[in-house]
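What follows is one structure encoded as structure tokens, with my remarks underneath.
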Amino acid sequence: MHMSDGLLNAPVSVAFLVIAALGVGFALVKARADLDDRTAPMAGLVATFIFAVQMINFPILPGASGHLLGGALAAILVGPYVGALCVTIVLVVQALLFADGGLTALGANVTNMALIGTAAGFLVAVALRKFARKGKGGLAAVAFVSAFVNTLLAATGFIVEYAIGGAGGVEIGKVALLMWGLHALIGIGEGLITAATVTSVASIRPDLVFLLKGNRKPLEVRS
Amino acid sequence: MKKFSIGFAFVSLLIAGVLSYFASGDPDGLDKTVEDTGIAEHAQEHPFAGGTFADYALGGDDRFTGLAGVLGVVVVLALSFGLFWVLRKKSGAR
């Protein structure tokens, strides 16, 4: 979902560079509270894993593929602020080292995948947290749904950006229909990868799953 | 933590270094959308398109995708671990 330069006009690209910078700056400030000697290495591992899995495009239709975005995955494992930073680091390395995703488009790409995707995934996961605490099946289902929503909303980010200032003047309904249709399919892949990853981590180190934090506290006396 | 960390990092290396050869080469959802609508005609070439590792290859040769993947894993791990380690709250005096 990495857009190239030129798909959005210059003012919109710059506006989203500013929005992305503000969002990432906010995440940098808020992330501190979620990082300690134990979670900081975990966050590095999560960013690395997202980079690796993003290389794996899976087929969705003849002539079309998709790849993990990773926002929900990161948010569930390391929290929304650290998670947004994880995805941002991946996008920056991809743009600078691998020419994957444009430079003026970096703001919009970060906004869509690192900010919108992570926030959406986290909000859904928190809303459904009580099911996630009910065991592996519940956690897998919550991870799947969070990741699916993360993919659709990140795709919606592009639709909105294109509507504000996209090149070529293509009818927005047409863009939206294609984006949502394709990303509904990609979202299934994102959901499956996220569910498999989160449940694997939870089965080995449940204490490292941000969403389940507090699970190991002693039973509360009052209900 | 040690065993888990090494395992997790190893899985990432394996995915980027080996599984990457089996990735689909078809356009992803956004690329497909901009290609089918003609928006892609407005795409500009990446300023670093001529870079050594552009498009996860080595000098354009995608037989080296796995190598590019391993490099990416190392770079992302170093950058992210460094950033998060600096940002973390230090646990009490040791």
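Residues are named by chain letter and number: chains run A, B, ... in the order of the structure tokens, numbers start at 1 in each chain, and ligands are numbered from 1 in the order shown.
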
Got a sec: who's within 9 Å of A:Phe16, counting only C-alpha atoms, leaving out chain neighbours fewer than 3 positions off, as a PyMOL selection string? chain A and resi 11-13+19-21+105-111+161

Which residues of chain B have any atom within 6 Å of an atom in chain A when counting only C-alpha atoms, and what is the closest pair of atoms for each, with the distance in Å to one decimal? Order the rows by chain and rising number and write it as CSV.
residue,atom,partner,partner_atom,distance
B:Ser12,CA,A:Phe49,CA,5.0
B:Ile15,CA,A:Ala52,CA,5.8
B:Ala16,CA,A:Ala52,CA,4.6
B:Ser20,CA,A:Ile56,CA,5.6
B:Ala23,CA,A:Ile56,CA,4.7
B:Ser24,CA,A:Asn57,CA,5.0
B:Asp26,CA,A:Ala64,CA,5.1
B:Pro27,CA,A:Ala64,CA,5.3
B:Asp28,CA,A:Ser65,CA,4.5
B:Gly29,CA,A:Leu182,CA,5.5
B:Leu30,CA,A:Met1,CA,5.2
B:Thr33,CA,A:Leu178,CA,5.8
B:Ile39,CA,A:Gly168,CA,5.7
B:His42,CA,A:Gly6,CA,5.6
B:Ala43,CA,A:Gly6,CA,4.6
B:Gln44,CA,A:Gly6,CA,5.3
B:His46,CA,A:Gly102,CA,5.9
B:Phe48,CA,A:Ala99,CA,5.5
B:Ala49,CA,A:Ala99,CA,5.6
B:Phe53,CA,A:Phe98,CA,5.4
B:Ala54,CA,A:Phe98,CA,4.2
B:Asp55,CA,A:Phe98,CA,5.3
B:Tyr56,CA,A:Phe98,CA,5.7
B:Val73,CA,A:Thr48,CA,5.7
B:Val76,CA,A:Thr48,CA,5.6
B:Leu77,CA,A:Thr48,CA,5.3
B:Ser80,CA,A:Gly44,CA,4.8
B:Phe81,CA,A:Gly44,CA,4.4
B:Phe84,CA,A:Ala40,CA,5.1
B:Trp85,CA,A:Ala40,CA,5.5
B:Leu87,CA,A:Arg32,CA,5.6
B:Arg88,CA,A:Leu35,CA,4.5
B:Lys89,CA,A:Asp36,CA,5.1

By how many Å are atom CA of A:Met113 and atom CA of A:Ala154 apart? 5.6 Å

What are the DSSP alpha helix (DSSP H) residues of chain B, as a PyMOL selection string? chain B and resi 2-17+29-37+65-87

Per-residue DSSP, stretch 1-215 of chain A, filtered to strand (DSSP E or B), as a list in words: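 Output for stretch 1-215 of chain A, strand (DSSP E or B) only: Leu8, Phe58, Pro59, Ile60, Leu61, Ala64, Ser65, Gly66 and Gly166 of chain A.
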
A:Gly135: which residues within 10 Å, counting only C-alpha atoms, same-chain residues fewer than 3 positions away excluded, as a list in words? Lys130, Phe131, Ala132, Gly138, Leu139, Ala140, Thr199, Ala202 and Ser203 of chain A

Writing out the chosen residues with N, CA and C atoms as an mmCIF file, in the first residue's frame:
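Listing of out-v8.cif after writing:
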data_model
loop_
_atom_site.group_PDB
_atom_site.id
_atom_site.type_symbol
_atom_site.label_atom_id
_atom_site.label_comp_id
_atom_site.auth_asym_id
_atom_site.auth_seq_id
_atom_site.Cartn_x
_atom_site.Cartn_y
_atom_site.Cartn_z
ATOM 1 N N LYS A 130 -12.372 -7.960 26.161
ATOM 2 C CA LYS A 130 -12.871 -9.001 27.075
ATOM 3 C C LYS A 130 -12.931 -10.364 26.377
ATOM 4 N N PHE A 131 -13.135 -10.362 25.072
ATOM 5 C CA PHE A 131 -13.127 -11.644 24.348
ATOM 6 C C PHE A 131 -11.695 -12.168 24.207
ATOM 7 N N ALA A 132 -10.758 -11.212 24.032
ATOM 8 C CA ALA A 132 -9.349 -11.605 23.868
ATOM 9 C C ALA A 132 -8.826 -12.292 25.124
ATOM 10 N N GLY A 138 -10.483 -16.663 21.397
ATOM 11 C CA GLY A 138 -10.962 -15.293 21.533
ATOM 12 C C GLY A 138 -9.912 -14.292 21.080
ATOM 13 N N LEU A 139 -8.685 -14.527 21.494
ATOM 14 C CA LEU A 139 -7.593 -13.626 21.111
ATOM 15 C C LEU A 139 -7.401 -13.637 19.589
ATOM 16 N N ALA A 140 -7.469 -14.821 19.000
ATOM 17 C CA ALA A 140 -7.310 -14.936 17.548
ATOM 18 C C ALA A 140 -8.417 -14.162 16.831
ATOM 19 N N THR A 199 -1.342 -14.986 18.558
ATOM 20 C CA THR A 199 -1.583 -16.176 19.383
ATOM 21 C C THR A 199 -0.282 -16.945 19.622
ATOM 22 N N ALA A 202 1.432 -15.057 22.339
ATOM 23 C CA ALA A 202 0.689 -15.220 23.596
ATOM 24 C C ALA A 202 0.884 -16.606 24.193
ATOM 25 N N SER A 203 1.101 -17.608 23.341
ATOM 26 C CA SER A 203 1.248 -18.961 23.881
ATOM 27 C C SER A 203 2.639 -19.163 24.493
#

For A:Gly79, list every protein, DNA or RNA residue within 9 Å, evaluated using only C-alpha atoms, and leave out those in the same chain fewer than 6 positions away; present the list as a list in words. Ala31, Asp34, Thr118, Phe122, Val209, Phe210 and Leu211 of chain A

Write the residues of the selection above to a file with C-alpha atoms, as a compact mmCIF listing (two decimals), in the first residue's frame.
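part.txt was written with the following content:
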# COMPACT_ATOMS: atom_id res chain seq x y z
CA ALA A 31 5.53 5.76 23.82
CA ASP A 34 5.04 1.86 27.48
CA THR A 118 -2.49 1.30 14.15
CA PHE A 122 -5.96 -0.74 18.60
CA VAL A 209 1.20 -9.02 24.77
CA PHE A 210 0.20 -5.41 25.44
CA LEU A 211 -3.51 -6.05 24.96

For atom CA of A:Tyr81 and atom CA of A:Phe26, the interatomic separation in Å (one decimal):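 Taking atom CA of A:Tyr81 as the start and atom CA of A:Phe26 as the end point, the length is 8.1 Å.
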
Show which residues sit within 9 Å of B:Val18, as an NGL selection string. Count only C-alpha atoms, and ignore same-chain residues fewer than 2 positions away. :B and (13-16 or 20-22 or 65-67 or 69)
